Amino acid sequence: MPRYIGQQIDGQCGAVAILNAEKWAGAKSTKKRLLHLVRLCKSNADGVADSDFDKAIRRNPHFSVRRMYKPTIPRLRKHLLNGAGALYSYNDGPRHKDEGHIIFIPGVFQSIWFGRGWIVTNISRSSVLRVSNRFFLDRIWRTGTPEDRTIWLVWPK
C-alpha cells in the first residue's frame, strides 16, 4: 500500500486527495507537486469548488477519470472491487452547511472483525484509515443530501 498523506492545512483537501490518488496510481509525489496541485485546484482557506477540482483531475497524467452521477453504495463498491479508486466530494453535514470535504477511497476490504469496510484517505487529518461499513455510511455517506455527493472514478494509466 502506498504511503498516503493527510491534510495539514485547511482548504487543501482537493489537492491532497489528488496527490493520494497519484500515489495509488504509482506516481512519485513531492511537496512541490502538492503545491502545484493546490494552485491547479485553485484552493484557498474555504477549500476548492467541485468545478475547479474537476478541471484539475481531468488534466492529470497519472490516471483516467470518469464522473459518477447519482452514486449508490453498490455501484461504488463494484467499481472499487474491479480495481478503480474513487475521489469523493461530500458535504460535512447540516452543522457545516457550506463546508465540504474531498477524500480518496483506494478500495474496500472484508474482515472477520469489521465485516465489510472501506479504506479512506485524508479523513480526520489521518493519512489512511480502514473504517467499518457502518461508520462510512453514517459519518461520511449520509451527511448532507444526495445532491451534495460527487464521485470521480479513477484508473491508473
# chains A, B, ... in the order shown; residues from 1 in each chain; ligands from 1

$ select_by_dssp --residues "region 9-153 of chain A" --states "strand (DSSP E or B)" --output "PyMOL selection string"
chain A and resi 44+47+63-68+85-91+100-111+115-123+126-132+150-153

$ residues_around --residues "Leu40 (chain A)" --least-positions-apart "2" --cutoff "10 Å" --atoms "only C-alpha atoms" --output "PyMOL selection string"
chain A and resi 14-15+34-38+42-43+52-53+55-57+59

$ closest_residue --among "A:Arg139, A:Lys23, A:Arg67, A:His101" --to "Ala86 (chain A)" --atoms "only C-alpha atoms"
A:Arg67

$ atom_distance --atom1 "CA of Trp152 (chain A)" --atom2 "CA of Phe104 (chain A)"
9.5 Å

$ residues_around --residues "Pro74 (chain A)" --least-positions-apart "5" --cutoff "12 Å" --atoms "only C-alpha atoms" --output "list in words"
His79, Leu80, Leu81, Val108 and Asn133 of chain A

$ closest_residue --among "A:Asp54, A:Asp46, A:Glu22, A:Asp10" --to "Arg125 (chain A)" --atoms "only C-alpha atoms"
A:Asp10

$ residues_around --residues "Gln8 (chain A)" --least-positions-apart "3" --cutoff "10 Å" --atoms "only C-alpha atoms" --output "PDB file with C-alpha atoms, in the first residue's frame"
ATOM      1  CA  ILE A   5      -0.575  11.787   3.252  1.00  0.00           C
ATOM      2  CA  GLY A  11      -8.720  24.129   2.288  1.00  0.00           C
ATOM      3  CA  GLN A  12      -6.237  21.726   0.674  1.00  0.00           C
ATOM      4  CA  CYS A  13      -8.380  18.591   0.765  1.00  0.00           C
ATOM      5  CA  VAL A  16      -4.284  16.106  -1.029  1.00  0.00           C
ATOM      6  CA  ASN A 122      -7.464  12.248   4.112  1.00  0.00           C
ATOM      7  CA  ARG A 125      -6.283  14.649   9.454  1.00  0.00           C
ATOM      8  CA  SER A 126      -5.178  10.986   9.214  1.00  0.00           C
ATOM      9  CA  SER A 127      -3.342   9.738   6.190  1.00  0.00           C
TER      10      SER A 127
END

$ select_by_dssp --residues "region 36-100 of chain A" --states "helix (DSSP H, G or I)" --output "list in words"
His36, Leu37, Val38, Arg39, Leu40, Cys41, Asp50, Ser51, Asp52, Phe53, Asp54, Lys55, Ala56, Ile57, Arg58, Ile73, Pro74, Arg75, Leu76, Arg77, Lys78, His79, Leu80, Leu81, Pro94, Arg95 and His96 of chain A

$ write_last_selection --atoms "N, CA and C atoms" --output "short mmCIF file (atom, residue, chain, number, x, y, z; two decimals), in the first residue's frame"
data_model
loop_
_atom_site.label_atom_id
_atom_site.label_comp_id
_atom_site.auth_asym_id
_atom_site.auth_seq_id
_atom_site.Cartn_x
_atom_site.Cartn_y
_atom_site.Cartn_z
N HIS A 36 1.82 22.50 -6.50
CA HIS A 36 1.31 22.64 -7.87
C HIS A 36 -0.18 22.27 -7.92
N LEU A 37 -0.57 21.20 -7.23
CA LEU A 37 -1.97 20.79 -7.22
C LEU A 37 -2.85 21.79 -6.49
N VAL A 38 -2.32 22.42 -5.44
CA VAL A 38 -3.07 23.46 -4.73
C VAL A 38 -3.40 24.60 -5.69
N ARG A 39 -2.40 25.01 -6.50
CA ARG A 39 -2.63 26.08 -7.48
C ARG A 39 -3.60 25.63 -8.57
N LEU A 40 -3.44 24.39 -9.04
CA LEU A 40 -4.28 23.86 -10.11
C LEU A 40 -5.74 23.75 -9.66
N CYS A 41 -5.96 23.38 -8.41
CA CYS A 41 -7.32 23.26 -7.87
C CYS A 41 -7.91 24.62 -7.46
N ASP A 50 -16.07 22.24 -6.70
CA ASP A 50 -16.11 20.99 -7.46
C ASP A 50 -15.75 21.21 -8.93
N SER A 51 -16.13 22.35 -9.49
CA SER A 51 -15.83 22.62 -10.91
C SER A 51 -14.31 22.78 -11.12
N ASP A 52 -13.62 23.47 -10.22
CA ASP A 52 -12.16 23.62 -10.32
C ASP A 52 -11.47 22.29 -10.08
N PHE A 53 -11.98 21.52 -9.12
CA PHE A 53 -11.43 20.20 -8.83
C PHE A 53 -11.58 19.29 -10.05
N ASP A 54 -12.73 19.34 -10.68
CA ASP A 54 -12.99 18.53 -11.87
C ASP A 54 -11.99 18.84 -12.98
N LYS A 55 -11.73 20.12 -13.21
CA LYS A 55 -10.76 20.52 -14.23
C LYS A 55 -9.35 20.01 -13.89
N ALA A 56 -9.01 20.07 -12.60
CA ALA A 56 -7.67 19.65 -12.17
C ALA A 56 -7.46 18.15 -12.36
N ILE A 57 -8.46 17.34 -12.04
CA ILE A 57 -8.24 15.89 -12.16
C ILE A 57 -8.32 15.42 -13.60
N ARG A 58 -9.05 16.11 -14.42
CA ARG A 58 -9.14 15.69 -15.83
C ARG A 58 -7.83 15.93 -16.58
N ILE A 73 -24.11 3.07 -3.17
CA ILE A 73 -23.09 2.26 -2.49
C ILE A 73 -22.77 0.99 -3.29
N PRO A 74 -23.77 0.21 -3.76
CA PRO A 74 -23.42 -0.99 -4.52
C PRO A 74 -22.61 -0.70 -5.79
N ARG A 75 -22.94 0.37 -6.51
CA ARG A 75 -22.18 0.72 -7.72
C ARG A 75 -20.76 1.13 -7.37
N LEU A 76 -20.61 1.92 -6.31
CA LEU A 76 -19.28 2.36 -5.89
C LEU A 76 -18.44 1.15 -5.46
N ARG A 77 -19.00 0.28 -4.64
CA ARG A 77 -18.28 -0.91 -4.17
C ARG A 77 -17.87 -1.79 -5.35
N LYS A 78 -18.75 -1.96 -6.34
CA LYS A 78 -18.45 -2.77 -7.52
C LYS A 78 -17.23 -2.22 -8.27
N HIS A 79 -17.20 -0.91 -8.47
CA HIS A 79 -16.07 -0.29 -9.17
C HIS A 79 -14.77 -0.45 -8.38
N LEU A 80 -14.84 -0.28 -7.06
CA LEU A 80 -13.64 -0.42 -6.24
C LEU A 80 -13.13 -1.86 -6.25
N LEU A 81 -14.03 -2.83 -6.24
CA LEU A 81 -13.63 -4.23 -6.31
C LEU A 81 -13.00 -4.58 -7.65
N PRO A 94 -25.25 18.91 8.21
CA PRO A 94 -26.07 20.10 8.45
C PRO A 94 -25.39 21.16 9.32
N ARG A 95 -24.49 20.74 10.22
CA ARG A 95 -23.77 21.72 11.04
C ARG A 95 -22.86 22.59 10.20
N HIS A 96 -22.31 22.01 9.15
CA HIS A 96 -21.36 22.72 8.28
C HIS A 96 -22.00 22.87 6.91
#

$ atom_distance --atom1 "CA of Leu19 (chain A)" --atom2 "CA of Ser111 (chain A)"
27.4 Å

$ closest_residue --among "A:Leu87, A:Ile102, A:Trp155, A:Thr121" --to "Met1 (chain A)" --atoms "only C-alpha atoms"
A:Thr121

$ atom_distance --atom1 "CA of Ile9 (chain A)" --atom2 "CA of Ser132 (chain A)"
26.4 Å

$ closest_residue --among "A:Ser124, A:Ser29, A:Gln110, A:Asn91" --to "Gly6 (chain A)" --atoms "only C-alpha atoms"
A:Ser124
